[in-house]
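Student: Hey, dropping work14.cif in here, mmCIF, N, CA, C and O atoms:
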data_entry
#
loop_
_atom_site.group_PDB
_atom_site.id
_atom_site.type_symbol
_atom_site.label_atom_id
_atom_site.label_comp_id
_atom_site.auth_asym_id
_atom_site.auth_seq_id
_atom_site.Cartn_x
_atom_site.Cartn_y
_atom_site.Cartn_z
ATOM 1 N N ASP A 22 -6.339 -0.397 15.744
ATOM 2 C CA ASP A 22 -6.858 0.661 16.596
ATOM 3 C C ASP A 22 -6.568 1.992 15.907
ATOM 4 O O ASP A 22 -5.422 2.303 15.629
ATOM 5 N N CYS A 23 -7.588 2.737 15.623
ATOM 6 C CA CYS A 23 -7.407 4.031 14.968
ATOM 7 C C CYS A 23 -7.994 5.128 15.858
ATOM 8 O O CYS A 23 -8.434 4.870 16.966
ATOM 9 N N ILE A 24 -8.003 6.338 15.360
ATOM 10 C CA ILE A 24 -8.376 7.495 16.166
ATOM 11 C C ILE A 24 -9.721 7.327 16.864
ATOM 12 O O ILE A 24 -9.871 7.640 18.028
ATOM 13 N N SER A 25 -10.708 6.861 16.160
ATOM 14 C CA SER A 25 -12.014 6.664 16.807
ATOM 15 C C SER A 25 -12.640 5.371 16.319
ATOM 16 O O SER A 25 -12.465 4.970 15.178
ATOM 17 N N GLY A 26 -13.327 4.725 17.210
ATOM 18 C CA GLY A 26 -14.048 3.527 16.831
ATOM 19 C C GLY A 26 -13.684 2.296 17.627
ATOM 20 O O GLY A 26 -14.314 2.003 18.651
ATOM 21 N N PRO A 27 -12.680 1.538 17.176
ATOM 22 C CA PRO A 27 -12.422 0.238 17.798
ATOM 23 C C PRO A 27 -12.189 0.281 19.304
ATOM 24 O O PRO A 27 -12.740 -0.543 20.027
ATOM 25 N N SER A 28 -11.408 1.217 19.778
ATOM 26 C CA SER A 28 -11.108 1.234 21.216
ATOM 27 C C SER A 28 -12.297 1.673 22.052
ATOM 28 O O SER A 28 -12.294 1.508 23.269
ATOM 29 N N GLU A 29 -13.320 2.211 21.409
ATOM 30 C CA GLU A 29 -14.552 2.545 22.130
ATOM 31 C C GLU A 29 -15.422 1.310 22.312
ATOM 32 O O GLU A 29 -16.309 1.290 23.154
ATOM 33 N N ILE A 30 -15.155 0.283 21.515
ATOM 34 C CA ILE A 30 -15.947 -0.938 21.545
ATOM 35 C C ILE A 30 -15.175 -2.083 22.187
ATOM 36 O O ILE A 30 -15.722 -2.857 22.968
ATOM 37 N N ILE A 31 -13.889 -2.173 21.885
ATOM 38 C CA ILE A 31 -13.065 -3.316 22.273
ATOM 39 C C ILE A 31 -12.145 -2.952 23.431
ATOM 40 O O ILE A 31 -11.509 -1.903 23.426
ATOM 41 N N THR A 32 -12.073 -3.857 24.407
ATOM 42 C CA THR A 32 -11.070 -3.764 25.459
ATOM 43 C C THR A 32 -9.998 -4.787 25.108
ATOM 44 O O THR A 32 -10.270 -5.994 25.074
ATOM 45 N N HIS A 33 -8.797 -4.285 24.838
ATOM 46 C CA HIS A 33 -7.714 -5.148 24.372
ATOM 47 C C HIS A 33 -7.476 -6.312 25.319
ATOM 48 O O HIS A 33 -7.399 -6.154 26.534
ATOM 49 N N ASN A 34 -7.394 -7.481 24.716
ATOM 50 C CA ASN A 34 -7.095 -8.729 25.427
ATOM 51 C C ASN A 34 -8.208 -9.170 26.371
ATOM 52 O O ASN A 34 -8.021 -10.090 27.162
ATOM 53 N N HIS A 35 -9.356 -8.514 26.315
ATOM 54 C CA HIS A 35 -10.509 -8.921 27.128
ATOM 55 C C HIS A 35 -11.641 -9.425 26.233
ATOM 56 O O HIS A 35 -12.166 -10.513 26.439
ATOM 57 N N ASP A 36 -12.019 -8.604 25.257
ATOM 58 C CA ASP A 36 -13.083 -9.009 24.340
ATOM 59 C C ASP A 36 -12.679 -8.825 22.880
ATOM 60 O O ASP A 36 -13.499 -8.896 21.985
ATOM 61 N N GLY A 37 -11.411 -8.579 22.671
ATOM 62 C CA GLY A 37 -10.873 -8.434 21.321
ATOM 63 C C GLY A 37 -9.414 -8.033 21.402
ATOM 64 O O GLY A 37 -8.837 -7.955 22.485
ATOM 65 N N LEU A 38 -8.841 -7.806 20.250
ATOM 66 C CA LEU A 38 -7.447 -7.382 20.194
ATOM 67 C C LEU A 38 -7.370 -6.067 19.438
ATOM 68 O O LEU A 38 -8.028 -5.893 18.413
ATOM 69 N N LEU A 39 -6.584 -5.154 19.942
ATOM 70 C CA LEU A 39 -6.357 -3.883 19.274
ATOM 71 C C LEU A 39 -4.902 -3.829 18.832
ATOM 72 O O LEU A 39 -4.004 -4.192 19.591
ATOM 73 N N VAL A 40 -4.695 -3.381 17.621
ATOM 74 C CA VAL A 40 -3.357 -3.264 17.063
ATOM 75 C C VAL A 40 -3.201 -1.840 16.550
ATOM 76 O O VAL A 40 -4.124 -1.279 15.949
ATOM 77 N N GLU A 41 -2.036 -1.270 16.772
ATOM 78 C CA GLU A 41 -1.767 0.077 16.306
ATOM 79 C C GLU A 41 -2.078 0.194 14.814
ATOM 80 O O GLU A 41 -1.709 -0.670 14.019
ATOM 81 N N ASP A 42 -2.757 1.258 14.459
ATOM 82 C CA ASP A 42 -3.146 1.515 13.079
ATOM 83 C C ASP A 42 -1.935 1.442 12.144
ATOM 84 O O ASP A 42 -0.906 2.055 12.415
ATOM 85 N N GLN A 43 -2.059 0.680 11.091
ATOM 86 C CA GLN A 43 -1.042 0.526 10.042
ATOM 87 C C GLN A 43 0.217 -0.220 10.490
ATOM 88 O O GLN A 43 1.213 -0.221 9.776
ATOM 89 N N ASN A 44 0.191 -0.857 11.653
ATOM 90 C CA ASN A 44 1.352 -1.599 12.134
ATOM 91 C C ASN A 44 1.209 -3.058 11.698
ATOM 92 O O ASN A 44 0.624 -3.885 12.405
ATOM 93 N N ILE A 45 1.749 -3.356 10.543
ATOM 94 C CA ILE A 45 1.602 -4.682 9.941
ATOM 95 C C ILE A 45 2.287 -5.755 10.779
ATOM 96 O O ILE A 45 1.755 -6.848 10.958
ATOM 97 N N GLU A 46 3.455 -5.446 11.318
ATOM 98 C CA GLU A 46 4.171 -6.429 12.140
ATOM 99 C C GLU A 46 3.376 -6.780 13.394
ATOM 100 O O GLU A 46 3.263 -7.955 13.759
ATOM 101 N N ALA A 47 2.832 -5.775 14.071
ATOM 102 C CA ALA A 47 2.040 -6.033 15.278
ATOM 103 C C ALA A 47 0.779 -6.821 14.929
ATOM 104 O O ALA A 47 0.367 -7.708 15.684
ATOM 105 N N MET A 48 0.191 -6.517 13.787
ATOM 106 C CA MET A 48 -1.000 -7.254 13.346
ATOM 107 C C MET A 48 -0.656 -8.723 13.122
ATOM 108 O O MET A 48 -1.403 -9.614 13.548
ATOM 109 N N ALA A 49 0.476 -8.981 12.491
ATOM 110 C CA ALA A 49 0.905 -10.363 12.252
ATOM 111 C C ALA A 49 1.144 -11.091 13.568
ATOM 112 O O ALA A 49 0.742 -12.254 13.724
ATOM 113 N N VAL A 50 1.764 -10.422 14.530
ATOM 114 C CA VAL A 50 2.018 -11.033 15.837
ATOM 115 C C VAL A 50 0.697 -11.373 16.530
ATOM 116 O O VAL A 50 0.526 -12.472 17.065
ATOM 117 N N GLN A 51 -0.249 -10.430 16.526
ATOM 118 C CA GLN A 51 -1.537 -10.662 17.186
ATOM 119 C C GLN A 51 -2.330 -11.775 16.504
ATOM 120 O O GLN A 51 -2.950 -12.610 17.169
ATOM 121 N N LEU A 52 -2.308 -11.801 15.180
ATOM 122 C CA LEU A 52 -3.009 -12.868 14.456
ATOM 123 C C LEU A 52 -2.379 -14.226 14.754
ATOM 124 O O LEU A 52 -3.087 -15.220 14.947
ATOM 125 N N HIS A 53 -1.062 -14.275 14.780
ATOM 126 C CA HIS A 53 -0.370 -15.528 15.102
ATOM 127 C C HIS A 53 -0.758 -15.999 16.505
ATOM 128 O O HIS A 53 -1.053 -17.183 16.718
ATOM 129 N N GLN A 54 -0.767 -15.069 17.459
ATOM 130 C CA GLN A 54 -1.151 -15.417 18.824
ATOM 131 C C GLN A 54 -2.582 -15.940 18.861
ATOM 132 O O GLN A 54 -2.875 -16.950 19.495
ATOM 133 N N LEU A 55 -3.474 -15.260 18.162
ATOM 134 C CA LEU A 55 -4.881 -15.649 18.148
ATOM 135 C C LEU A 55 -5.076 -17.031 17.518
ATOM 136 O O LEU A 55 -5.855 -17.843 18.014
ATOM 137 N N MET A 56 -4.358 -17.297 16.456
ATOM 138 C CA MET A 56 -4.500 -18.588 15.775
ATOM 139 C C MET A 56 -3.941 -19.742 16.599
ATOM 140 O O MET A 56 -4.384 -20.880 16.448
ATOM 141 N N ASN A 57 -2.971 -19.450 17.476
ATOM 142 C CA ASN A 57 -2.296 -20.514 18.204
ATOM 143 C C ASN A 57 -2.658 -20.616 19.679
ATOM 144 O O ASN A 57 -2.107 -21.453 20.383
ATOM 145 N N ASP A 58 -3.562 -19.791 20.133
ATOM 146 C CA ASP A 58 -3.909 -19.786 21.560
ATOM 147 C C ASP A 58 -5.409 -20.042 21.725
ATOM 148 O O ASP A 58 -6.221 -19.122 21.671
ATOM 149 N N ASP A 59 -5.743 -21.300 21.920
ATOM 150 C CA ASP A 59 -7.153 -21.693 22.058
ATOM 151 C C ASP A 59 -7.829 -20.983 23.221
ATOM 152 O O ASP A 59 -8.985 -20.571 23.113
ATOM 153 N N SER A 60 -7.132 -20.853 24.345
ATOM 154 C CA SER A 60 -7.762 -20.245 25.519
ATOM 155 C C SER A 60 -8.009 -18.750 25.293
ATOM 156 O O SER A 60 -9.027 -18.221 25.743
ATOM 157 N N LEU A 61 -7.111 -18.074 24.584
ATOM 158 C CA LEU A 61 -7.327 -16.659 24.267
ATOM 159 C C LEU A 61 -8.542 -16.503 23.368
ATOM 160 O O LEU A 61 -9.400 -15.653 23.617
ATOM 161 N N ARG A 62 -8.635 -17.344 22.336
ATOM 162 C CA ARG A 62 -9.802 -17.275 21.445
ATOM 163 C C ARG A 62 -11.088 -17.517 22.212
ATOM 164 O O ARG A 62 -12.084 -16.823 22.017
ATOM 165 N N ALA A 63 -11.075 -18.479 23.106
ATOM 166 C CA ALA A 63 -12.272 -18.796 23.891
ATOM 167 C C ALA A 63 -12.644 -17.619 24.793
ATOM 168 O O ALA A 63 -13.827 -17.266 24.904
ATOM 169 N N LYS A 64 -11.640 -17.007 25.430
ATOM 170 C CA LYS A 64 -11.909 -15.867 26.320
ATOM 171 C C LYS A 64 -12.499 -14.703 25.534
ATOM 172 O O LYS A 64 -13.503 -14.107 25.956
ATOM 173 N N LEU A 65 -11.904 -14.366 24.401
ATOM 174 C CA LEU A 65 -12.406 -13.254 23.591
ATOM 175 C C LEU A 65 -13.827 -13.539 23.109
ATOM 176 O O LEU A 65 -14.696 -12.662 23.146
ATOM 177 N N ALA A 66 -14.064 -14.773 22.672
ATOM 178 C CA ALA A 66 -15.401 -15.146 22.189
ATOM 179 C C ALA A 66 -16.426 -15.081 23.314
ATOM 180 O O ALA A 66 -17.573 -14.665 23.104
ATOM 181 N N ARG A 67 -16.032 -15.464 24.504
ATOM 182 C CA ARG A 67 -16.941 -15.444 25.655
ATOM 183 C C ARG A 67 -17.271 -14.009 26.076
ATOM 184 O O ARG A 67 -18.399 -13.693 26.438
ATOM 185 N N ASN A 68 -16.290 -13.127 26.021
ATOM 186 C CA ASN A 68 -16.480 -11.758 26.493
ATOM 187 C C ASN A 68 -17.041 -10.804 25.433
ATOM 188 O O ASN A 68 -17.621 -9.778 25.796
ATOM 189 N N ALA A 69 -16.853 -11.107 24.179
ATOM 190 C CA ALA A 69 -17.246 -10.175 23.109
ATOM 191 C C ALA A 69 -18.728 -9.791 23.139
ATOM 192 O O ALA A 69 -19.044 -8.596 23.011
ATOM 193 N N PRO A 70 -19.658 -10.726 23.314
ATOM 194 C CA PRO A 70 -21.069 -10.311 23.316
ATOM 195 C C PRO A 70 -21.403 -9.306 24.416
ATOM 196 O O PRO A 70 -22.222 -8.414 24.215
ATOM 197 N N ARG A 71 -20.733 -9.424 25.572
ATOM 198 C CA ARG A 71 -20.993 -8.489 26.668
ATOM 199 C C ARG A 71 -20.524 -7.073 26.331
ATOM 200 O O ARG A 71 -21.056 -6.099 26.854
ATOM 201 N N ALA A 72 -19.530 -6.958 25.471
ATOM 202 C CA ALA A 72 -19.025 -5.637 25.082
ATOM 203 C C ALA A 72 -20.086 -4.848 24.328
ATOM 204 O O ALA A 72 -20.070 -3.617 24.324
ATOM 205 N N LEU A 73 -21.012 -5.553 23.720
ATOM 206 C CA LEU A 73 -22.065 -4.881 22.950
ATOM 207 C C LEU A 73 -23.202 -4.371 23.814
ATOM 208 O O LEU A 73 -24.025 -3.579 23.355
ATOM 209 N N ASP A 74 -23.264 -4.796 25.073
ATOM 210 C CA ASP A 74 -24.350 -4.374 25.959
ATOM 211 C C ASP A 74 -24.453 -2.860 26.067
ATOM 212 O O ASP A 74 -25.543 -2.308 26.136
ATOM 213 N N LYS A 75 -23.316 -2.174 26.073
ATOM 214 C CA LYS A 75 -23.376 -0.713 26.207
ATOM 215 C C LYS A 75 -23.996 -0.044 24.983
ATOM 216 O O LYS A 75 -24.362 1.119 25.041
ATOM 217 N N PHE A 76 -24.163 -0.789 23.900
ATOM 218 C CA PHE A 76 -24.774 -0.243 22.694
ATOM 219 C C PHE A 76 -26.202 -0.741 22.500
ATOM 220 O O PHE A 76 -26.793 -0.540 21.439
ATOM 221 N N SER A 77 -26.759 -1.373 23.521
ATOM 222 C CA SER A 77 -28.136 -1.870 23.409
ATOM 223 C C SER A 77 -29.091 -0.687 23.278
ATOM 224 O O SER A 77 -28.788 0.440 23.698
ATOM 225 N N ILE A 78 -30.256 -0.930 22.736
ATOM 226 C CA ILE A 78 -31.248 0.137 22.552
ATOM 227 C C ILE A 78 -31.631 0.738 23.901
ATOM 228 O O ILE A 78 -31.852 1.949 24.010
ATOM 229 N N GLU A 79 -31.660 -0.082 24.942
ATOM 230 C CA GLU A 79 -32.014 0.419 26.265
ATOM 231 C C GLU A 79 -30.965 1.402 26.776
ATOM 232 O O GLU A 79 -31.298 2.480 27.276
ATOM 233 N N ASN A 80 -29.696 1.025 26.677
ATOM 234 C CA ASN A 80 -28.629 1.895 27.178
ATOM 235 C C ASN A 80 -28.485 3.167 26.346
ATOM 236 O O ASN A 80 -28.337 4.260 26.895
ATOM 237 N N VAL A 81 -28.526 3.034 25.049
ATOM 238 C CA VAL A 81 -28.404 4.217 24.190
ATOM 239 C C VAL A 81 -29.619 5.123 24.379
ATOM 240 O O VAL A 81 -29.491 6.346 24.484
ATOM 241 N N GLY A 82 -30.802 4.525 24.450
ATOM 242 C CA GLY A 82 -32.018 5.305 24.684
ATOM 243 C C GLY A 82 -31.959 6.067 25.999
ATOM 244 O O GLY A 82 -32.343 7.239 26.076
ATOM 245 N N ARG A 83 -31.463 5.410 27.047
ATOM 246 C CA ARG A 83 -31.323 6.048 28.356
ATOM 247 C C ARG A 83 -30.356 7.230 28.277
ATOM 248 O O ARG A 83 -30.601 8.291 28.865
ATOM 249 N N GLN A 84 -29.282 7.086 27.535
ATOM 250 C CA GLN A 84 -28.318 8.181 27.380
ATOM 251 C C GLN A 84 -28.957 9.382 26.678
ATOM 252 O O GLN A 84 -28.739 10.531 27.073
ATOM 253 N N TRP A 85 -29.751 9.112 25.648
ATOM 254 C CA TRP A 85 -30.461 10.206 24.959
ATOM 255 C C TRP A 85 -31.442 10.888 25.911
ATOM 256 O O TRP A 85 -31.531 12.116 25.963
ATOM 257 N N GLU A 86 -32.213 10.083 26.647
ATOM 258 C CA GLU A 86 -33.184 10.651 27.584
ATOM 259 C C GLU A 86 -32.491 11.504 28.638
ATOM 260 O O GLU A 86 -32.963 12.599 28.960
ATOM 261 N N ASP A 87 -31.379 11.020 29.159
ATOM 262 C CA ASP A 87 -30.623 11.787 30.153
ATOM 263 C C ASP A 87 -30.142 13.114 29.575
ATOM 264 O O ASP A 87 -30.207 14.155 30.236
ATOM 265 N N MET A 88 -29.669 13.075 28.339
ATOM 266 C CA MET A 88 -29.197 14.294 27.701
ATOM 267 C C MET A 88 -30.346 15.297 27.518
ATOM 268 O O MET A 88 -30.204 16.489 27.806
ATOM 269 N N PHE A 89 -31.506 14.809 27.063
ATOM 270 C CA PHE A 89 -32.662 15.702 26.885
ATOM 271 C C PHE A 89 -33.110 16.291 28.223
ATOM 272 O O PHE A 89 -33.432 17.472 28.307
ATOM 273 N N ARG A 90 -33.123 15.460 29.268
ATOM 274 C CA ARG A 90 -33.497 15.967 30.596
ATOM 275 C C ARG A 90 -32.539 17.059 31.051
ATOM 276 O O ARG A 90 -32.956 18.072 31.598
ATOM 277 N N LYS A 91 -31.262 16.867 30.826
ATOM 278 C CA LYS A 91 -30.267 17.854 31.222
ATOM 279 C C LYS A 91 -30.458 19.149 30.443
ATOM 280 O O LYS A 91 -30.435 20.252 31.024
ATOM 281 N N VAL A 92 -30.669 19.039 29.145
ATOM 282 C CA VAL A 92 -30.876 20.246 28.315
ATOM 283 C C VAL A 92 -32.118 20.999 28.769
ATOM 284 O O VAL A 92 -32.099 22.215 28.915
ATOM 285 N N LEU A 93 -33.197 20.262 29.023
ATOM 286 C CA LEU A 93 -34.435 20.902 29.448
ATOM 287 C C LEU A 93 -34.292 21.522 30.839
ATOM 288 O O LEU A 93 -34.854 22.572 31.110
ATOM 289 N N ALA A 94 -33.541 20.871 31.715
ATOM 290 C CA ALA A 94 -33.352 21.413 33.059
ATOM 291 C C ALA A 94 -32.498 22.665 33.056
ATOM 292 O O ALA A 94 -32.666 23.539 33.905
ATOM 293 N N ASP A 95 -31.593 22.778 32.087
ATOM 294 C CA ASP A 95 -30.705 23.940 31.996
ATOM 295 C C ASP A 95 -31.432 25.176 31.431
ATOM 296 O O ASP A 95 -30.909 26.266 31.523
ATOM 297 N N ASN A 96 -32.608 24.974 30.853
ATOM 298 C CA ASN A 96 -33.341 26.102 30.250
ATOM 299 C C ASN A 96 -34.359 26.684 31.172
ATOM 300 O O ASN A 96 -35.016 26.353 31.927
#
How does the structure come out when it is put into structure tokens?
Tutor:
Amino acid sequence: DCISGPSEIITHNHDGLLVEDQNIEAMAVQLHQLMNDDSLRAKLARNAPRALDKFSIENVGRQWEDMFRKVLADN
């Protein structure tokens, strides 16, 4: 997990795992947990595709349209 990016896409322990940037020990712990926990892997795999829905062309397009409408309404 770094300043921008991963935490905007991933919800820790729901659709992925976030580890503090440059924390090698925490990364090793999370990888060990992931490799040894079948149910955690299954849960993350099941939820991960839904995390991408907010980045679909429909949702992103709607956000752009809303922004343009707001800008035009303010003028």
Student: I'd like the neighbourhood of Met48 (chain A) as a ChimeraX atom specification, where a residue qualifies if any of its atoms comes within 9 Å (using only C-alpha atoms), though same-chain residues fewer than 6 positions away should be ignored.
Tutor: /A:39-41
Student: Restricting the calculation to only C-alpha atoms: of A:Gln84, A:Ser77, A:Gln43, A:Asn34, which residue gets closest to Leu61 (chain A)?
Tutor: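 Looking at the shortest contact to Leu61 (chain A), the residue is A:Asn34.
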Student: Could you pull out the alpha helix (DSSP H) residues of chain A, going by DSSP on the backbone, and write them as a PyMOL selection string?
Tutor: chain A and resi 27-30+45-57+59-72+78-95
Student: Check the smallest atom-to-atom distance from each of A:Ile24, A:Glu29, A:Asp36, A:Asn96 to Ala63 (chain A) using only C-alpha atoms, then report the winner.
Tutor: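 Using only C-alpha atoms, Ala63 (chain A) sits closest to A:Asp36.
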Student: Measuring atom to atom with only N, CA, C and O atoms, identify which of A:Ser28, A:Met56, A:Arg67, A:Cys23 is nearest to Asp42 (chain A).
Tutor: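 With only N, CA, C and O atoms as the atom set, the closest residue is A:Cys23.
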Student: I need region 70-92 of chain A written out with N, CA, C and O atoms, as an mmCIF file, in the first residue's frame; please produce it.
Tutor:
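Output file selection.cif follows:
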data_model
loop_
_atom_site.group_PDB
_atom_site.id
_atom_site.type_symbol
_atom_site.label_atom_id
_atom_site.label_comp_id
_atom_site.auth_asym_id
_atom_site.auth_seq_id
_atom_site.Cartn_x
_atom_site.Cartn_y
_atom_site.Cartn_z
ATOM 1 N N PRO A 70 -13.206 -9.405 -8.705
ATOM 2 C CA PRO A 70 -13.810 -8.848 -9.925
ATOM 3 C C PRO A 70 -14.808 -7.726 -9.648
ATOM 4 O O PRO A 70 -14.901 -6.774 -10.417
ATOM 5 N N ARG A 71 -15.528 -7.817 -8.520
ATOM 6 C CA ARG A 71 -16.497 -6.772 -8.183
ATOM 7 C C ARG A 71 -15.812 -5.445 -7.855
ATOM 8 O O ARG A 71 -16.399 -4.381 -8.026
ATOM 9 N N ALA A 72 -14.582 -5.505 -7.380
ATOM 10 C CA ALA A 72 -13.846 -4.280 -7.048
ATOM 11 C C ALA A 72 -13.579 -3.451 -8.296
ATOM 12 O O ALA A 72 -13.418 -2.233 -8.220
ATOM 13 N N LEU A 73 -13.559 -4.105 -9.435
ATOM 14 C CA LEU A 73 -13.288 -3.394 -10.690
ATOM 15 C C LEU A 73 -14.510 -2.699 -11.257
ATOM 16 O O LEU A 73 -14.392 -1.866 -12.157
ATOM 17 N N ASP A 74 -15.697 -3.009 -10.741
ATOM 18 C CA ASP A 74 -16.925 -2.404 -11.258
ATOM 19 C C ASP A 74 -16.884 -0.884 -11.219
ATOM 20 O O ASP A 74 -17.381 -0.219 -12.116
ATOM 21 N N LYS A 75 -16.280 -0.322 -10.178
ATOM 22 C CA LYS A 75 -16.247 1.144 -10.091
ATOM 23 C C LYS A 75 -15.378 1.770 -11.179
ATOM 24 O O LYS A 75 -15.456 2.965 -11.413
ATOM 25 N N PHE A 76 -14.595 0.959 -11.875
ATOM 26 C CA PHE A 76 -13.751 1.463 -12.952
ATOM 27 C C PHE A 76 -14.302 1.101 -14.327
ATOM 28 O O PHE A 76 -13.619 1.273 -15.337
ATOM 29 N N SER A 77 -15.533 0.616 -14.370
ATOM 30 C CA SER A 77 -16.132 0.257 -15.661
ATOM 31 C C SER A 77 -16.314 1.517 -16.502
ATOM 32 O O SER A 77 -16.406 2.638 -15.978
ATOM 33 N N ILE A 78 -16.407 1.352 -17.795
ATOM 34 C CA ILE A 78 -16.574 2.498 -18.700
ATOM 35 C C ILE A 78 -17.863 3.245 -18.370
ATOM 36 O O ILE A 78 -17.913 4.477 -18.450
ATOM 37 N N GLU A 79 -18.891 2.521 -17.949
ATOM 38 C CA GLU A 79 -20.155 3.164 -17.611
ATOM 39 C C GLU A 79 -19.999 4.073 -16.395
ATOM 40 O O GLU A 79 -20.461 5.216 -16.396
ATOM 41 N N ASN A 80 -19.371 3.559 -15.343
ATOM 42 C CA ASN A 80 -19.212 4.352 -14.123
ATOM 43 C C ASN A 80 -18.259 5.530 -14.321
ATOM 44 O O ASN A 80 -18.540 6.643 -13.875
ATOM 45 N N VAL A 81 -17.156 5.294 -14.975
ATOM 46 C CA VAL A 81 -16.200 6.383 -15.210
ATOM 47 C C VAL A 81 -16.818 7.422 -16.144
ATOM 48 O O VAL A 81 -16.703 8.630 -15.917
ATOM 49 N N GLY A 82 -17.501 6.958 -17.183
ATOM 50 C CA GLY A 82 -18.174 7.876 -18.102
ATOM 51 C C GLY A 82 -19.208 8.734 -17.392
ATOM 52 O O GLY A 82 -19.311 9.942 -17.632
ATOM 53 N N ARG A 83 -19.979 8.118 -16.496
ATOM 54 C CA ARG A 83 -20.987 8.846 -15.722
ATOM 55 C C ARG A 83 -20.326 9.910 -14.846
ATOM 56 O O ARG A 83 -20.826 11.036 -14.730
ATOM 57 N N GLN A 84 -19.195 9.595 -14.258
ATOM 58 C CA GLN A 84 -18.480 10.568 -13.425
ATOM 59 C C GLN A 84 -18.012 11.766 -14.255
ATOM 60 O O GLN A 84 -18.119 12.915 -13.816
ATOM 61 N N TRP A 85 -17.509 11.495 -15.453
ATOM 62 C CA TRP A 85 -17.098 12.596 -16.345
ATOM 63 C C TRP A 85 -18.305 13.452 -16.725
ATOM 64 O O TRP A 85 -18.242 14.683 -16.714
ATOM 65 N N GLU A 86 -19.406 12.795 -17.099
ATOM 66 C CA GLU A 86 -20.608 13.536 -17.483
ATOM 67 C C GLU A 86 -21.110 14.397 -16.332
ATOM 68 O O GLU A 86 -21.478 15.558 -16.538
ATOM 69 N N ASP A 87 -21.112 13.846 -15.133
ATOM 70 C CA ASP A 87 -21.542 14.610 -13.959
ATOM 71 C C ASP A 87 -20.650 15.827 -13.738
ATOM 72 O O ASP A 87 -21.134 16.921 -13.429
ATOM 73 N N MET A 88 -19.351 15.638 -13.905
ATOM 74 C CA MET A 88 -18.425 16.744 -13.726
ATOM 75 C C MET A 88 -18.672 17.842 -14.771
ATOM 76 O O MET A 88 -18.714 19.032 -14.448
ATOM 77 N N PHE A 89 -18.869 17.440 -16.033
ATOM 78 C CA PHE A 89 -19.139 18.431 -17.088
ATOM 79 C C PHE A 89 -20.449 19.172 -16.821
ATOM 80 O O PHE A 89 -20.528 20.383 -17.003
ATOM 81 N N ARG A 90 -21.474 18.436 -16.384
ATOM 82 C CA ARG A 90 -22.752 19.088 -16.061
ATOM 83 C C ARG A 90 -22.575 20.108 -14.946
ATOM 84 O O ARG A 90 -23.125 21.201 -15.002
ATOM 85 N N LYS A 91 -21.811 19.767 -13.937
ATOM 86 C CA LYS A 91 -21.578 20.676 -12.823
ATOM 87 C C LYS A 91 -20.824 21.915 -13.290
ATOM 88 O O LYS A 91 -21.190 23.053 -12.939
ATOM 89 N N VAL A 92 -19.795 21.719 -14.093
ATOM 90 C CA VAL A 92 -19.015 22.868 -14.603
ATOM 91 C C VAL A 92 -19.897 23.781 -15.444
ATOM 92 O O VAL A 92 -19.868 24.996 -15.294
#
